[in-house]
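Heads up: the structure comes next, in structure tokens.
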Amino acid sequence: MLHIVNKSPQERPSLDACLRIAESGSILLIEDAVYAAVKGSASAGKLAEAAKKHRIYVLLPDVEARAIADRLVDGVTGIDYGGFVDLVADHRACQSWL
């Protein structure tokens with residue numbers, strides 16, 4: 001399953017809920033959720049732990065729009081819009097965490 005999170009972890013508990021409930025699959029951070037992947041953020045450790053059982057992705061256009069590309073945690077893979085489409089096509093189901 002592809003889990004798509006779009007809200008900042010400071011704004012909503014969507015990422016925490018996803019990490020707590022998701023059993024397998026990939027996690028894609030888009031829009032303000034990309035702030036979770038910043039080194040030193042409150043969510044950085046949670047993502048590092050999640051990376052042990054999930055593939056973690058960030059949407060690069062959102063990362064670049066927020067000027068955080070040089071501060072991403074290790075183990076997070078940046079993808080473009082084409083990669084987003086590929087992720088959706090590669091997974092049987094998608095869950096959006098609002």
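Letters for chains follow the order of the structure tokens (A, B, ...), residue numbers begin at 1 for each chain, and ligand numbers begin at 1 in the order shown.
Near Val58 (chain A), within 8 Å and counting only C-alpha atoms, sit Leu28, Leu29, Ile30, Val34, Ala37, Val76, Thr77, Gly78 and Ile79 of chain A, not including residues fewer than 6 positions from it in the same chain.
Within 6 Å of Ser8 (chain A), once only C-alpha atoms are used and residues closer than 2 positions along the same chain are dropped, the contacting residues are A:Gln10, A:Glu11, A:Asp32, A:Ala33.
Across the model, the gap from CA of Arg20 (chain A) to CA of Leu47 (chain A) is 11.4 Å.
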What's around Val85 (chain A) at 12 Å? Count only C-alpha atoms, leave out sequence neighbours fewer than 3 positions away in its own chain, and write the answer as a PyMOL selection string. chain A and resi 2+28+59+79-82+88-91+94
Create the file for the chosen residues now, containing N, CA and C atoms and written as a PDB file, in the first residue's frame.
```pdb
ATOM      1  N   LEU A   2       0.426   2.264  -0.708  1.00  0.00           N
ATOM      2  CA  LEU A   2       1.094   3.555  -0.712  1.00  0.00           C
ATOM      3  C   LEU A   2       0.339   4.478   0.239  1.00  0.00           C
ATOM      4  N   LEU A  28       4.726   8.318   1.216  1.00  0.00           N
ATOM      5  CA  LEU A  28       5.089   9.475   0.406  1.00  0.00           C
ATOM      6  C   LEU A  28       4.657  10.739   1.129  1.00  0.00           C
ATOM      7  N   LEU A  59       8.142  14.331  -2.172  1.00  0.00           N
ATOM      8  CA  LEU A  59       7.925  14.915  -3.497  1.00  0.00           C
ATOM      9  C   LEU A  59       8.870  16.110  -3.648  1.00  0.00           C
ATOM     10  N   ILE A  79      11.414  12.164  -5.160  1.00  0.00           N
ATOM     11  CA  ILE A  79      10.854  11.807  -6.456  1.00  0.00           C
ATOM     12  C   ILE A  79      10.177  13.017  -7.084  1.00  0.00           C
ATOM     13  N   ASP A  80      10.069  12.993  -8.404  1.00  0.00           N
ATOM     14  CA  ASP A  80       9.359  14.052  -9.119  1.00  0.00           C
ATOM     15  C   ASP A  80       7.925  13.598  -9.372  1.00  0.00           C
ATOM     16  N   TYR A  81       7.168  14.384 -10.139  1.00  0.00           N
ATOM     17  CA  TYR A  81       5.771  14.027 -10.397  1.00  0.00           C
ATOM     18  C   TYR A  81       5.640  12.706 -11.151  1.00  0.00           C
ATOM     19  N   GLY A  82       6.560  12.450 -12.058  1.00  0.00           N
ATOM     20  CA  GLY A  82       6.540  11.168 -12.766  1.00  0.00           C
ATOM     21  C   GLY A  82       6.747  10.003 -11.802  1.00  0.00           C
ATOM     22  N   VAL A  88       2.081   5.337  -7.500  1.00  0.00           N
ATOM     23  CA  VAL A  88       0.656   5.008  -7.491  1.00  0.00           C
ATOM     24  C   VAL A  88       0.398   3.768  -8.343  1.00  0.00           C
ATOM     25  N   ALA A  89       1.025   3.709  -9.509  1.00  0.00           N
ATOM     26  CA  ALA A  89       0.827   2.567 -10.404  1.00  0.00           C
ATOM     27  C   ALA A  89       1.417   1.274  -9.834  1.00  0.00           C
ATOM     28  N   ASP A  90       2.484   1.392  -9.048  1.00  0.00           N
ATOM     29  CA  ASP A  90       3.168   0.222  -8.509  1.00  0.00           C
ATOM     30  C   ASP A  90       2.488  -0.378  -7.276  1.00  0.00           C
ATOM     31  N   HIS A  91       1.558   0.339  -6.679  1.00  0.00           N
ATOM     32  CA  HIS A  91       0.893  -0.138  -5.471  1.00  0.00           C
ATOM     33  C   HIS A  91      -0.573  -0.476  -5.767  1.00  0.00           C
ATOM     34  N   CYS A  94      -3.927   2.929  -2.384  1.00  0.00           N
ATOM     35  CA  CYS A  94      -3.358   4.162  -1.834  1.00  0.00           C
ATOM     36  C   CYS A  94      -4.236   4.628  -0.681  1.00  0.00           C
TER      37      CYS A  94
END
```
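Nearest residue to Gly83 (chain A) among A:Leu98, A:Glu64, A:Gly40, A:Tyr57 is A:Tyr57, counting only C-alpha atoms.
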